[in-house]
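Before any comments, here is the structure.
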Amino acid sequence: MSILQHTQIKGLFDAPIELSSLIDEIPLGIVVLDTQRRIVLINRAFEALVGFSIEDARGIPCFHIMRSKLCIQQCPLVKMDSNSESIIVESDIINKERELIPVLINLSPIKDTDGNLTGFLETVEDLRPLKKVGDKSPKAYAFHHLIGKSPEMTRIFQTLPLLAQSDSAILITGETGTGKDMLAEAVHQASNRAKGPFIKVNCGALPETLLESELFGHRKGAFTGAVENKPGRFRLAHNGTLYLTEIGDLPLPLQVKLLTFLDDKVVYPLGSAKGFQADVRIIAATHRNLDLMVKERNFREDLMFRLNVVRLHLPPLRERGDDIRLILDHFINIFVTRFRKNINGLSKKALRILLEYPYPGNVRELRNIIEYAVNICPKGQIQFTHLPAYLSETKHHYDHSVPEEKESYQWTAPTVKSSSEPNGKKTWASLERGLIIEALVNSKGRRHKAADLLGWGRSTLWRKMKQYKIDA
Amino acid sequence: MEQKILIPLYVDQVAPRFDLATEVYIVSMADDGRAIEKKTVVLPRASAEQLCHLVLLEKIGTVVCGGIEDEYYQYLKWKNVKVLDSVIGSCKDVIKRLESGTLQSGDIIR
């Protein structure tokens, strides 16, 4: 320890203090390395974690002491320079007690006052306590494939294991791209029904007549074209989970049928008087504001109450704070490995752009941006020029189109209300309605041409016109 | 009696992890402690199970390694293989210590 007693910090307090005494009090493993990646200093928490003392470790290459998978496979410090941002990586180590310990390693450069690289700082967090909390979780700050450490996400991760074990219906809400599908699958995988089927039905993807037969099945001869018996998704999901996505798009007549099923758990296929007792857990999701739809009588209140046993709201990415950075690093790691690129993080400018962007498409959009950037970037750091151009171009547009009606709505949703908002604020619905009218005016009322102008199919235009009550 | 020693390698150093080594050095030592035969074996992939299998196949008497999980340590001991773990140093220095009969678990050769 005599070496450490000379390592003092001056200027922080009136009298100089010992660095070792300061870092020894931090309950996180801390390692200071020189530019050759040899150990200069470790704290008491790291000594306890790995089993090597500072006397043993001093001057030894880091990989001999850390013994992490990361050291052997691809040490991020090799490419780290003074301009690099810190990197967070999940890995494992084997300590002197021959224990394999999952850890979260944070690596960052140490610079002198002139900005030159003088060494590296590693912090090592023991993840065993976290792993014990969520044994089924393969990663820290994660539940299955969902990642996050913001308070909202942590709360969801904490309640999920308990919710998964119950058989209650779950309503998942949140904007598009927030991970509703992943959450539903995670709940299924964590539940006792994990070995059963997980059947997904997109209520907005099929016309009403087809959807009914798709959900509840039909008997041979029930209608023209019903040449054989069809079991239906409810029956297929027996002993498993039925995930109804875009439940807000479920037509009203089918809402009644779903309501009946939720009450007595019996499915009646079309054209059949004989019911089937289905043991199915229902998880529904929507990006629409169901509360508002109920008020406007576009969604049945009684169905809403039955589905709303447990409501999980996934916050939009722009409200998840540090999660953006966490998810960003996660996707960079994934795509760098997948595309076998020699990329070591983001430049400061690129990072700033990404952290400031409001992400209307949420995690899905962030994932696509990173996939694009990793593809475009040849090697080294991802620069801002490697990011999609619209990030800087459309910034201001999104700044004001990001939902401002938050005080009244829990999550954003294109409303079915056709008129503009009374307070002059624009919603997606009013914007879309305006676009349709503009296209119809430009095409002199010809729907076919208007649909072409909008880049939609005729049926989409027809459906949207009906939705916004536009008569051409 | 001739004895065989296996050292998992990471470049020219004793590999810090037994389970992640893709190259091993096998030394045959004569009764007087001299290294009489040396060979390097490149493994198709890193695997603690395959490495244990190789140890038994080659009739290794001693394994010198860095970090090793207790499961594999106990297995090798059960199979009468002596394991000197948490050894830090270059392969060359380790062999010198082996020849002089002074190498022990936890040795750090600077």
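Order determines the names: the first chain of the structure tokens is A, the second B, and so forth; residues in each chain are numbered 1 upward, and ligands are numbered 1 upward as they are shown.
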
Item to check | Within 7 Å of B:Ser47 using only C-alpha atoms, minus same-chain residues under 4 positions, as a PyMOL selection string | outcome: chain B and resi 19-20+51

Item to check | Those of stretch 58-106 of chain B in DSSP strand (DSSP E or B), formatted as a PyMOL selection string | outcome: chain B and resi 62-64+67+82-84+88+90

Next on the checklist: Residues of chain B within 10 Å of chain A, counting only C-alpha atoms, what are they? List them as a ChimeraX atom specification.
Outcome noted: /B:10,13-21,66-73,85-89,106-110

Next on the checklist: For a quick check of understanding, using only C-alpha atoms, which of B:Leu76, B:Cys91, B:Val41, B:Leu98 has the smallest distance to B:Gln3?
Outcome noted: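 Closest candidate: B:Leu98.
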
Next on the checklist: Report, in Å with one decimal, the straight-line distance from atom CA of A:Ala164 to atom CA of A:Arg128.
Outcome noted: 22.6 Å

Item to check | Sel. of alpha helix (DSSP H) residues, stretch 201-253 of chain A, as a ChimeraX atom specification | outcome: /A:208-216,233-236,252-253

Checklist entry - Do you have the atom CA of A:Gly248-atom CA of A:Leu366 distance handy? => result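 These atoms are spaced 25.2 Å apart.
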
Next on the checklist: So that I can check the surroundings of A:Glu301, please list as a list in words every protein, DNA and RNA residue that reaches within 12 Å of it, counting only C-alpha atoms and ignoring chain neighbours fewer than 3 positions away.
Outcome noted: Gly248, Leu252, Gln255, Val256, Leu259, Leu290, Asp291, Leu292, Met293, Val294, Lys295, Glu296, Arg297, Asn298, Met304, Phe305, Arg306, Leu307 and Asn308 of chain A

If you keep C-alpha atoms, can you produce a file of those selected residues as a PDB file, in the first residue's frame?
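Output saved as part.pdb:
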```pdb
ATOM      1  CA  GLY A 248     -58.178  -0.153 -31.152  1.00  0.00           C
ATOM      2  CA  LEU A 252     -67.416  -2.805 -33.022  1.00  0.00           C
ATOM      3  CA  GLN A 255     -65.699  -6.176 -29.911  1.00  0.00           C
ATOM      4  CA  VAL A 256     -69.009  -7.608 -28.694  1.00  0.00           C
ATOM      5  CA  LEU A 259     -66.435  -9.386 -24.835  1.00  0.00           C
ATOM      6  CA  LEU A 290     -58.555   3.889 -25.905  1.00  0.00           C
ATOM      7  CA  ASP A 291     -59.886   6.228 -23.223  1.00  0.00           C
ATOM      8  CA  LEU A 292     -60.583   8.806 -25.886  1.00  0.00           C
ATOM      9  CA  MET A 293     -62.041   6.195 -28.228  1.00  0.00           C
ATOM     10  CA  VAL A 294     -64.375   5.079 -25.454  1.00  0.00           C
ATOM     11  CA  LYS A 295     -65.497   8.656 -24.950  1.00  0.00           C
ATOM     12  CA  GLU A 296     -66.164   8.970 -28.657  1.00  0.00           C
ATOM     13  CA  ARG A 297     -67.994   5.616 -28.680  1.00  0.00           C
ATOM     14  CA  ASN A 298     -65.559   4.029 -31.099  1.00  0.00           C
ATOM     15  CA  MET A 304     -62.152  -1.655 -22.236  1.00  0.00           C
ATOM     16  CA  PHE A 305     -62.879  -2.511 -18.584  1.00  0.00           C
ATOM     17  CA  ARG A 306     -62.381  -6.219 -19.195  1.00  0.00           C
ATOM     18  CA  LEU A 307     -59.096  -5.775 -21.043  1.00  0.00           C
ATOM     19  CA  ASN A 308     -57.876  -3.133 -18.671  1.00  0.00           C
TER      20      ASN A 308
END
```

Item to check | Best match for closeness to A:Ala45 among A:Ser108, A:Gln165, A:Ser86, A:Thr123, counting only C-alpha atoms | outcome: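 The closest residue to A:Ala45 is A:Thr123.
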
Checklist entry - Suppose you want the space between atom CA of B:Val83 and atom CA of A:Glu47; what is it in Å? => result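 Spanning atom CA of B:Val83 to atom CA of A:Glu47 is a straight-line distance of 23.2 Å.
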
Spatial neighbours of B:Thr102, max dist 12 Å, only C-alpha atoms, sep filter under 5 positions, as a PDB file with N, CA and C atoms, in the first residue's frame:
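Result file is around.pdb:
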```
ATOM      1  N   GLY B  33      13.215 -33.456 -14.719  1.00  0.00           N
ATOM      2  CA  GLY B  33      12.546 -32.144 -14.792  1.00  0.00           C
ATOM      3  C   GLY B  33      12.787 -31.412 -16.093  1.00  0.00           C
ATOM      4  N   LEU B  84      -2.696 -26.194 -11.541  1.00  0.00           N
ATOM      5  CA  LEU B  84      -2.054 -25.011 -10.950  1.00  0.00           C
ATOM      6  C   LEU B  84      -2.725 -23.801 -11.592  1.00  0.00           C
ATOM      7  N   ASP B  93       8.570 -18.461 -19.125  1.00  0.00           N
ATOM      8  CA  ASP B  93       8.928 -18.362 -17.707  1.00  0.00           C
ATOM      9  C   ASP B  93       8.283 -19.476 -16.883  1.00  0.00           C
ATOM     10  N   VAL B  94       7.065 -19.824 -17.283  1.00  0.00           N
ATOM     11  CA  VAL B  94       6.351 -20.889 -16.560  1.00  0.00           C
ATOM     12  C   VAL B  94       7.099 -22.216 -16.718  1.00  0.00           C
ATOM     13  N   ILE B  95       7.569 -22.483 -17.921  1.00  0.00           N
ATOM     14  CA  ILE B  95       8.292 -23.747 -18.155  1.00  0.00           C
ATOM     15  C   ILE B  95       9.595 -23.774 -17.331  1.00  0.00           C
ATOM     16  N   LYS B  96      10.244 -22.621 -17.262  1.00  0.00           N
ATOM     17  CA  LYS B  96      11.479 -22.548 -16.450  1.00  0.00           C
ATOM     18  C   LYS B  96      11.180 -22.936 -15.004  1.00  0.00           C
ATOM     19  N   ARG B  97      10.065 -22.375 -14.504  1.00  0.00           N
ATOM     20  CA  ARG B  97       9.694 -22.680 -13.103  1.00  0.00           C
ATOM     21  C   ARG B  97       9.311 -24.151 -12.951  1.00  0.00           C
ATOM     22  N   ASP B 107       1.010 -18.166  -8.666  1.00  0.00           N
ATOM     23  CA  ASP B 107       2.305 -17.516  -8.915  1.00  0.00           C
ATOM     24  C   ASP B 107       2.169 -16.416  -9.963  1.00  0.00           C
ATOM     25  N   ILE B 109       4.579 -14.327 -12.296  1.00  0.00           N
ATOM     26  CA  ILE B 109       5.970 -14.205 -12.750  1.00  0.00           C
ATOM     27  C   ILE B 109       6.078 -12.907 -13.550  1.00  0.00           C
TER      28      ILE B 109
END
```

Checklist entry - For A:Leu250, which residue out of A:Gly275, A:Gly225, A:Gly204, A:Gly179 is the nearest one, using only C-alpha atoms? => result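 Looking only at the distances to A:Leu250, the closest residue turns out to be A:Gly204.
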
Next on the checklist: Quick one: residues within 6 Å of B:Thr62, only C-alpha atoms, excluding same-chain residues fewer than 6 positions away - as a list in words?
Outcome noted: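 Within the cut-off, the hits are Ile5, Val81, Lys82 and Val83 of chain B.
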
Output N, CA and C atoms for every residue in the selection just made, as a compact mmCIF listing (two decimals), in the first residue's frame.
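This is the output file part.txt:
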```txt
# COMPACT_ATOMS: atom_id res chain seq x y z
N ILE B 5 2.51 -31.83 -19.33
CA ILE B 5 1.92 -30.62 -18.75
C ILE B 5 1.22 -29.84 -19.87
N VAL B 81 -5.83 -35.10 -12.23
CA VAL B 81 -4.99 -34.13 -12.94
C VAL B 81 -4.70 -33.00 -11.95
N LYS B 82 -3.41 -32.67 -11.81
CA LYS B 82 -3.03 -31.57 -10.91
C LYS B 82 -3.29 -30.25 -11.63
N VAL B 83 -3.99 -29.32 -10.97
CA VAL B 83 -4.28 -28.03 -11.62
C VAL B 83 -3.59 -26.91 -10.85
```
